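A.B. asks: target_19.csv is reproduced below (CSV, C-alpha atoms).
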```csv
chain,number,residue,atom,x,y,z
U,48,MET,CA,-74.1,104.6,272.9
U,49,ILE,CA,-70.7,103.9,274.4
U,50,TYR,CA,-70.6,102.6,278.0
U,51,VAL,CA,-67.5,103.0,280.2
U,52,GLY,CA,-67.2,101.2,283.5
U,53,ILE,CA,-64.4,102.3,285.9
U,54,ASP,CA,-63.4,100.4,289.0
U,55,VAL,CA,-61.8,102.9,291.3
U,56,ALA,CA,-58.8,102.1,293.5
U,57,LYS,CA,-56.2,104.2,295.4
U,58,ASP,CA,-53.3,104.0,292.8
U,59,LYS,CA,-55.0,102.7,289.7
U,60,HIS,CA,-58.3,102.3,288.0
U,61,ASP,CA,-59.6,99.4,285.8
U,62,CYS,CA,-61.6,100.5,282.8
U,63,CYS,CA,-64.0,98.7,280.5
U,64,ILE,CA,-65.4,100.3,277.3
U,65,LEU,CA,-68.4,98.6,275.7
U,66,GLY,CA,-70.2,99.3,272.4
U,67,PRO,CA,-73.9,99.4,271.7
U,68,ASP,CA,-74.2,95.6,271.7
U,69,THR,CA,-72.1,95.3,274.9
U,70,GLU,CA,-69.1,94.1,273.0
U,71,GLU,CA,-65.7,95.1,274.4
U,72,LEU,CA,-64.2,97.8,272.2
U,73,PHE,CA,-60.9,97.4,274.1
U,74,GLN,CA,-59.7,94.6,276.3
U,75,VAL,CA,-60.3,95.7,280.0
U,76,PHE,CA,-57.3,97.9,280.8
U,77,THR,CA,-55.7,99.6,283.8
U,78,ILE,CA,-54.7,103.3,284.1
U,79,ARG,CA,-52.6,104.9,286.7
U,80,ASN,CA,-54.3,107.4,289.1
U,81,ASN,CA,-52.6,110.4,287.6
U,82,SER,CA,-52.9,112.9,284.7
U,83,ASP,CA,-51.2,110.5,282.3
U,84,GLY,CA,-53.6,107.8,283.2
U,85,TYR,CA,-56.6,110.1,282.8
U,86,GLY,CA,-55.2,111.2,279.4
U,87,GLU,CA,-55.0,107.6,278.3
U,88,LEU,CA,-58.6,107.0,279.3
U,89,PHE,CA,-59.9,110.1,277.5
U,90,HIS,CA,-57.9,109.2,274.4
U,91,LYS,CA,-59.4,105.7,274.1
U,92,ILE,CA,-62.9,107.1,274.7
U,93,GLU,CA,-62.5,109.7,272.0
U,94,SER,CA,-61.1,107.2,269.6
U,95,VAL,CA,-64.5,105.4,269.5
U,96,SER,CA,-66.8,108.4,269.8
U,97,LYS,CA,-66.3,112.2,269.9
U,98,ASP,CA,-70.0,112.8,270.6
U,99,LYS,CA,-70.1,113.1,274.4
U,100,SER,CA,-73.9,112.9,274.5
U,101,GLN,CA,-73.5,109.3,273.3
U,102,ILE,CA,-71.1,108.3,276.1
U,103,LYS,CA,-72.1,107.1,279.6
U,104,ILE,CA,-69.4,106.6,282.2
U,105,GLY,CA,-70.0,104.9,285.5
U,106,LEU,CA,-68.0,104.4,288.7
U,107,GLU,CA,-68.7,103.3,292.2
U,108,ALA,CA,-69.0,105.7,295.1
U,109,THR,CA,-65.8,104.8,296.8
U,110,GLY,CA,-65.3,107.9,299.1
U,111,HIS,CA,-62.3,110.1,298.6
U,112,TYR,CA,-60.6,107.7,296.1
U,113,SER,CA,-63.1,108.7,293.4
U,114,TYR,CA,-63.1,112.5,293.9
U,115,ASN,CA,-60.3,113.3,291.5
U,116,ILE,CA,-61.4,111.0,288.6
U,117,LEU,CA,-65.0,112.1,289.1
U,118,GLY,CA,-64.0,115.8,289.0
U,119,SER,CA,-61.9,115.3,285.8
U,120,LEU,CA,-64.8,113.4,284.1
U,121,LEU,CA,-67.2,116.2,284.9
U,122,ASP,CA,-64.8,118.9,283.8
U,123,HIS,CA,-64.5,117.2,280.4
U,124,GLY,CA,-68.2,117.2,280.0
U,125,TYR,CA,-69.0,113.5,280.3
U,126,HIS,CA,-72.3,112.1,281.5
U,127,THR,CA,-71.1,110.4,284.7
U,128,PHE,CA,-73.0,108.0,286.9
U,129,VAL,CA,-72.0,107.3,290.5
U,130,ILE,CA,-73.3,103.9,291.6
U,131,ASN,CA,-73.8,102.6,295.1
U,132,PRO,CA,-71.3,99.7,295.7
U,133,LEU,CA,-74.2,97.6,297.1
U,134,HIS,CA,-76.0,97.9,293.8
U,135,THR,CA,-73.0,96.8,291.8
U,136,ASN,CA,-72.3,94.0,294.2
U,137,LEU,CA,-75.8,92.6,293.9
U,138,TYR,CA,-75.7,93.0,290.1
U,139,ARG,CA,-72.4,91.1,289.9
U,140,LYS,CA,-73.7,88.2,292.1
U,141,GLY,CA,-76.8,88.0,289.9
U,142,GLN,CA,-74.8,87.4,286.8
U,143,SER,CA,-73.1,84.2,288.0
U,144,LEU,CA,-73.3,81.6,290.7
U,145,ARG,CA,-69.5,81.5,290.9
U,146,LYS,CA,-67.7,83.7,293.5
U,147,THR,CA,-65.8,85.8,291.0
U,148,LYS,CA,-64.7,89.2,292.0
U,149,THR,CA,-61.8,91.0,290.5
U,150,ASP,CA,-61.3,94.7,289.6
U,151,LYS,CA,-61.6,93.9,285.9
U,152,VAL,CA,-64.9,92.0,286.5
U,153,ASP,CA,-66.1,94.9,288.5
U,154,ALA,CA,-65.3,97.4,285.7
U,155,ARG,CA,-67.3,95.3,283.2
U,156,SER,CA,-70.2,94.9,285.7
U,157,ILE,CA,-70.4,98.7,286.1
U,158,ALA,CA,-70.4,99.2,282.3
U,159,GLU,CA,-73.1,96.6,281.8
U,160,MET,CA,-75.2,98.3,284.5
U,161,LEU,CA,-75.2,101.4,282.4
U,162,VAL,CA,-76.7,99.4,279.6
U,163,THR,CA,-79.4,97.6,281.5
U,164,ASP,CA,-80.4,99.9,284.4
U,165,LYS,CA,-82.4,102.7,282.9
U,166,THR,CA,-83.2,104.2,286.4
U,167,LEU,CA,-79.6,105.4,286.9
U,168,LYS,CA,-79.3,109.2,286.8
U,169,PRO,CA,-76.1,111.1,285.9
U,170,TYR,CA,-74.1,112.8,288.6
U,171,THR,CA,-74.4,116.6,288.2
U,172,GLY,CA,-72.1,119.5,288.8
U,173,THR,CA,-74.4,120.4,291.7
U,174,SER,CA,-73.8,117.1,293.4
U,175,TYR,CA,-70.0,117.4,292.8
U,176,HIS,CA,-69.8,120.9,294.3
U,177,SER,CA,-72.0,119.9,297.3
U,178,GLU,CA,-69.1,117.6,298.2
U,179,GLU,CA,-67.4,120.7,299.8
U,180,LEU,CA,-70.4,121.2,302.0
U,181,LYS,CA,-70.4,117.5,302.8
U,182,SER,CA,-66.7,117.6,303.8
U,183,LEU,CA,-67.3,120.5,306.1
U,184,THR,CA,-70.4,119.1,307.8
U,185,ARG,CA,-68.8,115.7,308.3
U,186,TYR,CA,-65.6,117.3,309.6
U,187,ARG,CA,-67.6,119.4,312.0
U,188,PHE,CA,-69.5,116.3,313.2
U,189,GLU,CA,-66.2,114.5,314.0
U,190,LEU,CA,-64.8,117.6,315.7
U,191,VAL,CA,-67.9,117.9,317.9
U,192,LYS,CA,-67.8,114.2,318.7
U,193,GLU,CA,-64.1,114.5,319.7
U,194,ARG,CA,-64.8,117.5,321.9
U,195,ALA,CA,-67.6,115.7,323.6
U,196,LYS,CA,-65.2,112.9,324.6
U,197,LEU,CA,-62.8,115.5,326.0
U,198,LYS,CA,-65.6,117.0,328.0
U,199,THR,CA,-66.3,113.6,329.5
U,200,SER,CA,-62.6,113.5,330.5
U,201,VAL,CA,-62.9,116.9,332.2
U,202,SER,CA,-65.8,115.6,334.3
U,203,ARG,CA,-63.8,112.5,335.2
U,204,LEU,CA,-60.8,114.5,336.3
U,205,VAL,CA,-62.8,117.1,338.3
U,206,ASN,CA,-64.4,114.2,340.1
U,207,ILE,CA,-60.9,113.2,341.2
U,208,LEU,CA,-59.4,116.6,341.9
U,209,PHE,CA,-62.4,118.7,343.2
U,210,PRO,CA,-65.6,116.6,343.1
U,211,GLU,CA,-67.6,119.3,345.1
U,212,LEU,CA,-67.2,121.9,342.4
U,213,GLU,CA,-69.9,120.4,340.2
U,214,SER,CA,-72.6,121.3,342.8
U,215,LEU,CA,-71.4,124.9,343.0
U,216,VAL,CA,-71.8,125.8,339.3
U,217,PRO,CA,-74.6,125.2,336.7
U,218,THR,CA,-72.3,123.0,334.6
U,219,LEU,CA,-68.6,122.3,334.5
U,220,HIS,CA,-68.5,123.0,330.8
U,221,MET,CA,-68.6,126.7,330.8
U,222,ASN,CA,-65.9,129.3,330.1
U,223,SER,CA,-65.6,130.6,333.7
U,224,VAL,CA,-65.1,127.1,335.1
U,225,TYR,CA,-62.6,126.2,332.4
U,226,ARG,CA,-60.6,129.3,333.1
U,227,LEU,CA,-60.6,128.6,336.8
U,228,LEU,CA,-59.5,125.0,336.3
U,229,GLN,CA,-56.9,125.8,333.7
U,230,GLU,CA,-55.1,128.1,336.2
U,231,LEU,CA,-55.9,126.2,339.4
U,232,PRO,CA,-56.5,122.6,338.4
U,233,GLY,CA,-57.7,121.1,341.6
U,234,ALA,CA,-59.1,121.8,345.1
U,235,TYR,CA,-55.6,122.0,346.6
U,236,PHE,CA,-54.6,124.9,344.3
U,237,ILE,CA,-57.9,126.7,344.7
U,238,ALA,CA,-57.7,126.5,348.5
U,239,SER,CA,-54.2,127.8,348.5
U,240,SER,CA,-54.9,130.7,346.2
U,241,ASN,CA,-55.0,134.4,347.2
U,242,LEU,CA,-58.7,135.5,347.7
U,243,THR,CA,-58.1,138.7,345.7
U,244,HIS,CA,-56.5,136.9,342.8
U,245,LEU,CA,-59.2,134.2,342.8
U,246,LYS,CA,-62.0,136.9,342.8
U,247,ALA,CA,-60.4,138.7,339.9
U,248,LEU,CA,-60.0,135.5,338.0
U,249,LEU,CA,-63.6,134.4,338.4
U,250,ALA,CA,-65.0,137.9,337.8
U,251,ASP,CA,-63.1,138.2,334.5
U,252,ALA,CA,-63.9,134.6,333.3
U,253,SER,CA,-67.6,135.0,334.2
U,254,LYS,CA,-67.8,138.6,332.9
U,255,GLY,CA,-68.8,139.8,336.3
U,256,HIS,CA,-71.3,137.1,337.0
U,257,TYR,CA,-69.3,135.6,339.9
U,258,GLY,CA,-68.4,138.1,342.7
U,259,ARG,CA,-66.9,137.9,346.2
U,260,GLU,CA,-69.6,135.7,347.7
U,261,LYS,CA,-69.2,133.0,345.1
U,262,THR,CA,-65.4,133.2,345.3
U,263,ILE,CA,-65.5,132.7,349.0
U,264,GLU,CA,-67.9,129.8,348.6
U,265,ILE,CA,-65.7,128.0,346.1
U,266,ARG,CA,-62.5,128.5,348.1
U,267,GLU,CA,-64.0,127.4,351.4
U,268,THR,CA,-65.5,124.3,349.7
U,269,ALA,CA,-62.0,123.6,348.2
U,270,LYS,CA,-60.4,123.7,351.7
U,271,SER,CA,-62.7,120.9,352.9
U,272,SER,CA,-62.7,119.0,349.7
U,273,ILE,CA,-62.0,115.3,349.5
U,274,GLY,CA,-60.3,115.9,346.1
U,275,SER,CA,-56.9,114.3,345.7
U,276,LEU,CA,-53.6,116.2,345.1
U,277,MET,CA,-52.3,114.5,341.9
U,278,PRO,CA,-50.0,116.6,339.7
U,279,ALA,CA,-50.3,114.2,336.8
U,280,LYS,CA,-54.1,114.5,336.8
U,281,SER,CA,-53.9,118.3,337.2
U,282,MET,CA,-51.6,118.5,334.1
U,283,GLU,CA,-54.0,116.2,332.2
U,284,LEU,CA,-56.9,118.5,333.2
U,285,ARG,CA,-55.1,121.7,332.0
U,286,GLN,CA,-54.1,120.1,328.7
U,287,THR,CA,-57.6,118.6,328.1
U,288,ILE,CA,-59.2,122.1,328.6
U,289,HIS,CA,-56.6,123.5,326.2
U,290,ARG,CA,-57.6,120.9,323.6
U,291,ILE,CA,-61.2,121.7,324.1
U,292,ASP,CA,-60.5,125.4,323.5
U,293,THR,CA,-58.6,124.6,320.3
U,294,LEU,CA,-61.4,122.3,319.0
U,295,THR,CA,-64.0,125.0,319.8
U,296,SER,CA,-62.1,127.5,317.8
U,297,ASP,CA,-61.8,125.1,314.9
U,298,ILE,CA,-65.5,124.2,315.0
U,299,LYS,CA,-66.3,127.9,314.9
U,300,GLU,CA,-64.2,128.4,311.8
U,301,VAL,CA,-65.8,125.4,310.1
U,302,GLU,CA,-69.3,126.7,311.0
U,303,GLN,CA,-68.4,130.1,309.4
U,304,SER,CA,-67.6,128.3,306.1
U,305,ILE,CA,-70.8,126.2,306.3
U,306,GLN,CA,-72.8,129.4,306.9
U,307,LYS,CA,-71.2,131.1,303.9
U,308,ILE,CA,-72.1,128.2,301.6
U,309,MET,CA,-75.6,128.0,303.0
U,310,ASP,CA,-76.1,131.7,302.3
U,311,GLU,CA,-74.9,131.3,298.8
U,312,CYS,CA,-77.1,128.3,298.0
U,313,GLY,CA,-80.3,130.0,299.4
U,314,SER,CA,-82.0,126.7,300.3
U,315,PRO,CA,-85.5,127.0,301.8
U,316,ILE,CA,-84.8,124.2,304.3
U,317,THR,CA,-83.9,126.7,307.0
U,318,THR,CA,-87.4,128.1,306.8
U,319,ILE,CA,-88.7,125.0,308.6
U,320,PRO,CA,-88.9,125.8,312.3
U,321,GLY,CA,-86.3,123.9,314.3
U,322,ILE,CA,-83.9,123.5,311.4
U,323,LYS,CA,-81.0,125.9,311.5
U,324,TYR,CA,-78.1,126.2,309.0
U,325,ARG,CA,-75.9,123.5,310.6
U,326,MET,CA,-78.5,120.8,310.6
U,327,GLY,CA,-79.9,121.9,307.3
U,328,ALA,CA,-76.4,121.9,305.8
U,329,MET,CA,-75.8,118.3,306.9
U,330,ILE,CA,-79.1,117.2,305.3
U,331,LEU,CA,-78.5,119.0,302.0
U,332,ALA,CA,-74.9,117.9,301.8
U,333,GLU,CA,-75.7,114.2,302.4
U,334,ILE,CA,-78.6,114.2,299.9
U,335,GLY,CA,-76.8,116.3,297.3
U,336,ASP,CA,-78.8,117.0,294.1
U,337,PHE,CA,-82.4,116.4,294.8
U,338,THR,CA,-83.2,116.0,291.1
U,339,ARG,CA,-81.4,112.6,291.2
U,340,PHE,CA,-84.4,111.2,293.0
U,341,SER,CA,-87.8,110.7,291.5
U,342,ASN,CA,-89.7,111.0,294.8
U,343,ALA,CA,-89.1,111.4,298.5
U,344,ASP,CA,-89.3,107.6,299.1
U,345,GLN,CA,-86.1,107.2,297.1
U,346,VAL,CA,-84.5,109.8,299.5
U,347,LEU,CA,-85.6,107.7,302.5
U,348,ALA,CA,-84.1,104.6,300.9
U,349,TYR,CA,-80.9,106.5,300.1
U,350,ALA,CA,-80.7,107.4,303.8
U,351,GLY,CA,-81.4,103.7,304.8
U,352,LEU,CA,-84.6,104.8,306.5
U,353,SER,CA,-87.0,102.7,304.5
U,354,PRO,CA,-88.2,99.5,306.1
U,355,SER,CA,-86.7,96.2,304.9
U,356,THR,CA,-89.2,93.8,303.4
U,357,TYR,CA,-89.2,90.0,303.8
U,358,GLN,CA,-91.8,87.8,302.0
U,359,SER,CA,-91.6,84.2,301.1
U,360,GLY,CA,-94.6,82.1,300.2
U,361,LYS,CA,-97.3,82.9,302.8
U,362,LEU,CA,-94.8,84.3,305.2
U,363,ILE,CA,-94.7,88.1,305.3
U,364,SER,CA,-92.6,89.9,308.0
U,365,SER,CA,-94.7,92.1,310.3
U,366,TYR,CA,-91.8,93.7,312.1
U,367,ALA,CA,-89.6,95.0,309.4
U,368,ARG,CA,-86.6,97.0,310.6
U,369,MET,CA,-85.0,100.0,309.0
U,370,GLU,CA,-82.4,99.0,306.4
U,371,LYS,CA,-79.7,101.4,307.8
U,372,ARG,CA,-77.6,101.0,304.6
U,373,GLY,CA,-77.3,104.7,303.7
U,374,SER,CA,-75.4,107.6,305.1
U,375,LYS,CA,-75.1,107.5,308.9
U,376,TYR,CA,-74.6,111.2,308.9
U,377,LEU,CA,-77.9,111.7,307.0
U,378,ARG,CA,-79.8,109.4,309.4
U,379,TYR,CA,-78.3,111.3,312.4
U,380,ALA,CA,-79.3,114.7,310.9
U,381,LEU,CA,-82.8,113.6,310.0
U,382,PHE,CA,-83.4,112.0,313.4
U,383,ASN,CA,-82.4,115.1,315.3
U,384,ALA,CA,-84.1,117.4,312.9
U,385,ALA,CA,-87.4,115.5,313.4
U,386,ILE,CA,-87.1,115.9,317.2
U,387,TYR,CA,-86.4,119.6,316.9
U,388,VAL,CA,-89.1,120.3,314.3
U,389,SER,CA,-91.6,118.4,316.4
U,390,GLY,CA,-90.9,120.8,319.3
U,391,TRP,CA,-91.0,124.0,317.2
U,392,ASP,CA,-93.7,123.4,314.6
U,393,GLU,CA,-97.4,122.8,315.3
U,394,ARG,CA,-98.0,120.6,312.3
U,395,PHE,CA,-95.2,118.2,313.2
U,396,ARG,CA,-96.0,118.3,316.9
U,397,LEU,CA,-99.6,117.2,316.2
U,398,TYR,CA,-98.4,114.5,313.9
U,399,LEU,CA,-96.0,113.1,316.5
U,400,SER,CA,-98.8,113.2,319.1
U,401,LYS,CA,-101.1,111.4,316.7
U,402,LYS,CA,-98.6,108.6,316.2
U,403,ARG,CA,-98.0,108.3,320.0
U,404,ALA,CA,-101.8,108.2,320.6
U,405,GLU,CA,-101.9,105.2,318.2
U,406,GLY,CA,-99.7,103.3,320.7
U,407,LYS,CA,-96.4,103.7,318.9
U,408,HIS,CA,-93.1,103.8,320.8
U,409,TYR,CA,-91.6,107.3,320.8
U,410,TYR,CA,-88.8,106.3,318.4
U,411,VAL,CA,-91.2,104.6,316.1
U,412,ALA,CA,-93.3,107.7,316.1
U,413,ILE,CA,-90.2,109.8,315.3
U,414,SER,CA,-89.5,107.6,312.3
U,415,HIS,CA,-92.9,108.5,311.0
U,416,VAL,CA,-92.1,112.2,311.6
U,417,ILE,CA,-88.9,111.7,309.6
U,418,LYS,CA,-90.8,110.4,306.6
U,419,LYS,CA,-93.1,113.4,306.7
U,420,LEU,CA,-90.2,115.7,307.1
U,421,VAL,CA,-88.3,114.2,304.2
U,422,ARG,CA,-91.4,114.5,301.9
U,423,THR,CA,-91.7,118.1,303.0
U,424,ILE,CA,-88.0,118.9,302.4
U,425,PHE,CA,-88.1,117.1,299.0
U,426,ARG,CA,-91.1,119.1,297.8
U,427,MET,CA,-89.6,122.4,299.0
U,428,GLU,CA,-86.2,121.8,297.3
U,429,ILE,CA,-87.8,120.7,294.0
U,430,THR,CA,-90.2,123.6,293.9
U,431,HIS,CA,-87.9,126.1,295.6
U,432,THR,CA,-90.6,127.2,298.0
U,433,SER,CA,-90.4,128.1,301.6
U,434,TYR,CA,-92.1,126.2,304.4
U,435,GLN,CA,-95.7,127.3,305.2
U,436,PRO,CA,-96.6,126.7,308.9
U,437,LEU,CA,-100.1,126.1,310.1
```
Show me, as structure tokens, the structure contained in the file I just sent.
C.D. replies:
Amino acid sequence: MIYVGIDVAKDKHDCCILGPDTEELFQVFTIRNNSDGYGELFHKIESVSKDKSQIKIGLEATGHYSYNILGSLLDHGYHTFVINPLHTNLYRKGQSLRKTKTDKVDARSIAEMLVTDKTLKPYTGTSYHSEELKSLTRYRFELVKERAKLKTSVSRLVNILFPELESLVPTLHMNSVYRLLQELPGAYFIASSNLTHLKALLADASKGHYGREKTIEIRETAKSSIGSLMPAKSMELRQTIHRIDTLTSDIKEVEQSIQKIMDECGSPITTIPGIKYRMGAMILAEIGDFTRFSNADQVLAYAGLSPSTYQSGKLISSYARMEKRGSKYLRYALFNAAIYVSGWDERFRLYLSKKRAEGKHYYVAISHVIKKLVRTIFRMEITHTSYQPL
């Protein structure tokens, strides 16, 4: 076997090629992160072995910096292993007491791990192509988070310009209210508006839900409002609503792409009550290829949801906390999925009730539901079977 370790960086990659006896076939070398650099790497690999089944190539999961080199390795048919940086860091520290960390040392450490760690599994084309779904779900997550911040700003601005409005409508964050505030951003402007124009504006924005009576109520309340007349805040309110509208449109476009991929992959995860395509897509994208894991417990560890363990001599920790070392997006998706599923499915609802009856705190009980949910999803994905409710 030939073992190749690649330490990935932005502009260059350090490479180490080891033979069957872990001898260096080439002195650790550096390639540029471009097509010529990739060609140099492939040429050196092929000069020692043309049998790709006898070649293992490893690199760390370094986010977007590794996408291009990883894609090129997969396109060339190499068995490629993507290794958690925490894993390589612990391995390197275990090799020496000295604090030695360089890119060349890292490259050799990765190559040596391919020799010694038989539990590593190759990165598949399925995992690589799921990166598109991961990009979309993470992008949507950030867009929704940004929109939530803007909605908080709208609430703050309305509290300055027309604080009484919130008590007149179910919520400030609805299309009819946004259309009203975008044209008339404050109590002063609403109080000064023509009643006929205001009625037409509200009727159109609410699709006929708000009529003359609601229009009069809003205008009369605006006339006696304690809201301030601040042109700068009114401008900020208009522009904030405009940005929310733009983000909402972008989120819808991203969700359509997510829906298309989910339809194509035909995953059974959405047959679980409470898990729709958006939450299911985030879970699938973050886990990737389920065949990389031997069991569901490995998925929990990958998500950072397995409890940490501390034991020394006779001391054994009784209050182990979650490791929280994996994907924060996966933890978020599983946590929320567990809550929704517990509300929609009888089996999970009863399981949550059982844990609560044992005296466990709600969030501790939810963590148990997450474990059950992950085991269920793992079995469904491996066997390609739909969820069977009680």
A.B. asks: Looking at U:Leu212, U:Leu377, U:Ala56, U:Leu294, which one is nearest to U:Thr184, with distances taken over all atoms listed in the file?
C.D. replies: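 Under the stated criterion, the closest residue is U:Leu377.
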A.B. asks: Under the rule of at most 6 Å, produce a per-residue listing of stretch 117-203 of chain U near stretch 325-342 of chain U: chain, number, name, the closest pair of atoms, and the distance in Å, as JSON lines, using only C-alpha atoms.
C.D. replies:
```
{"residue": "U:Lys168", "atom": "CA", "partner": "U:Arg339", "partner_atom": "CA", "distance": 5.9}
{"residue": "U:Ser174", "atom": "CA", "partner": "U:Gly335", "partner_atom": "CA", "distance": 5.0}
{"residue": "U:Ser177", "atom": "CA", "partner": "U:Ala332", "partner_atom": "CA", "distance": 5.7}
{"residue": "U:Leu180", "atom": "CA", "partner": "U:Ala332", "partner_atom": "CA", "distance": 5.6}
{"residue": "U:Lys181", "atom": "CA", "partner": "U:Ala332", "partner_atom": "CA", "distance": 4.6}
{"residue": "U:Thr184", "atom": "CA", "partner": "U:Met329", "partner_atom": "CA", "distance": 5.5}
```
A.B. asks: Just the number, please: distance in Å from atom CA of U:Asp54 to atom CA of U:Leu106, one decimal.
C.D. replies: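 Going from atom CA of U:Asp54 over to atom CA of U:Leu106, I get 6.1 Å.
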A.B. asks: Can you build me a table of stretch 267-371 of chain U residues sitting at most 12 Å from stretch 218-223 of chain U, with the closest atom pair per residue and its distance in Å to one decimal, using all atoms listed in the file, sorted by chain and residue number, as a tab-separated table?
C.D. replies:
```
residue	atom	partner	partner_atom	distance
U:Ile288	CA	U:His220	CA	9.6
U:His289	CA	U:Asn222	CA	11.6
U:Ile291	CA	U:His220	CA	10.0
U:Asp292	CA	U:Asn222	CA	9.4
U:Thr295	CA	U:Asn222	CA	11.3
```
A.B. asks: Would you mind exporting the chosen residues as an mmCIF file, in the frame of the given file, restricted to C-alpha atoms?
C.D. replies:
```cif
data_model
loop_
_atom_site.group_PDB
_atom_site.id
_atom_site.type_symbol
_atom_site.label_atom_id
_atom_site.label_comp_id
_atom_site.auth_asym_id
_atom_site.auth_seq_id
_atom_site.Cartn_x
_atom_site.Cartn_y
_atom_site.Cartn_z
ATOM 1 C CA ILE U 288 -59.200 122.100 328.600
ATOM 2 C CA HIS U 289 -56.600 123.500 326.200
ATOM 3 C CA ILE U 291 -61.200 121.700 324.100
ATOM 4 C CA ASP U 292 -60.500 125.400 323.500
ATOM 5 C CA THR U 295 -64.000 125.000 319.800
#
```
A.B. asks: Which value, in Å to one decimal, gives the distance between atom CA of U:Thr318 and atom CA of U:Ile413?
C.D. replies: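 So the two atoms, atom CA of U:Thr318 and atom CA of U:Ile413, lie 20.4 Å apart.
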A.B. asks: Find the residues near U:Ile92: any atom within 9 Å, counting only C-alpha atoms, skip ones fewer than 5 places away on the same chain, and give them as a PyMOL selection string.
C.D. replies: chain U and resi 49+51+64+87+97+102
A.B. asks: Residues at most 10 Å from U:Gln101, counting only C-alpha atoms, excluding those fewer than 6 positions away in the same chain, as a VMD selection string?
C.D. replies: chain U and resid 48 to 50 125 to 126
A.B. asks: By how many Å are atom CA of U:Gln345 and atom CA of U:Leu167 apart?
C.D. replies: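 The value is 12.2 Å.
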A.B. asks: Name the residues within 6 Å of (-87.2, 121.7, 305.3), counting all atoms listed in the file in the file's coordinates, and put them as a list in words.
C.D. replies: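 Protein, DNA and RNA residues close to (-87.2, 121.7, 305.3): Ile316, Ile319 and Ile424 of chain U.
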A.B. asks: So which residues touch U:Val201 within 12 Å, counting all atoms listed in the file, skipping near sequence neighbours fewer than 6 positions away, as a list in words?
C.D. replies: Arg194, Ala195, Ile207, Leu208, Phe209, Pro210, Glu213, Thr218, Leu219, His220, Met221, Val224, Tyr225, Leu228, Gln229, Pro232, Gly233, Lys280, Ser281, Met282, Glu283, Leu284, Arg285, Gln286, Thr287, Ile288, His289, Arg290 and Ile291 of chain U
A.B. asks: So which residues are close to (-52.0, 121.3, 352.6), meaning at most 12 Å away in the file's coordinates with all atoms listed in the file counted, and can you show them as an MDAnalysis selection string?
C.D. replies: chainID U and resid 234:240 269:272 274:276
A.B. asks: I want to know what sits within 9 Å of stretch 108-116 of chain U, based on all atoms listed in the file, with residues of the same chain fewer than 2 positions away left out; could you give that as number ranges by chain?
C.D. replies: U: 55-58, 80-81, 85, 106, 118-121, 129-132, 175, 178
A.B. asks: Need the shell around U:Asp297: protein/DNA/RNA residues with any atom at most 10 Å away, counting all atoms listed in the file. Skip same-chain ones fewer than 5 positions apart. Format as a list of chain:residue names?
C.D. replies: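 Near neighbours after the sequence-gap exclusion: U:Arg187, U:Leu190, U:Val191, U:Ile291, U:Asp292, U:Glu302, U:Gln303.
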A.B. asks: Which residue is closest to U:Ile104? Choose from U:Cys63, U:Leu352, U:Leu133, U:Ile78 and count all atoms listed in the file.
C.D. replies: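 Selected residue with least distance to U:Ile104: U:Cys63.
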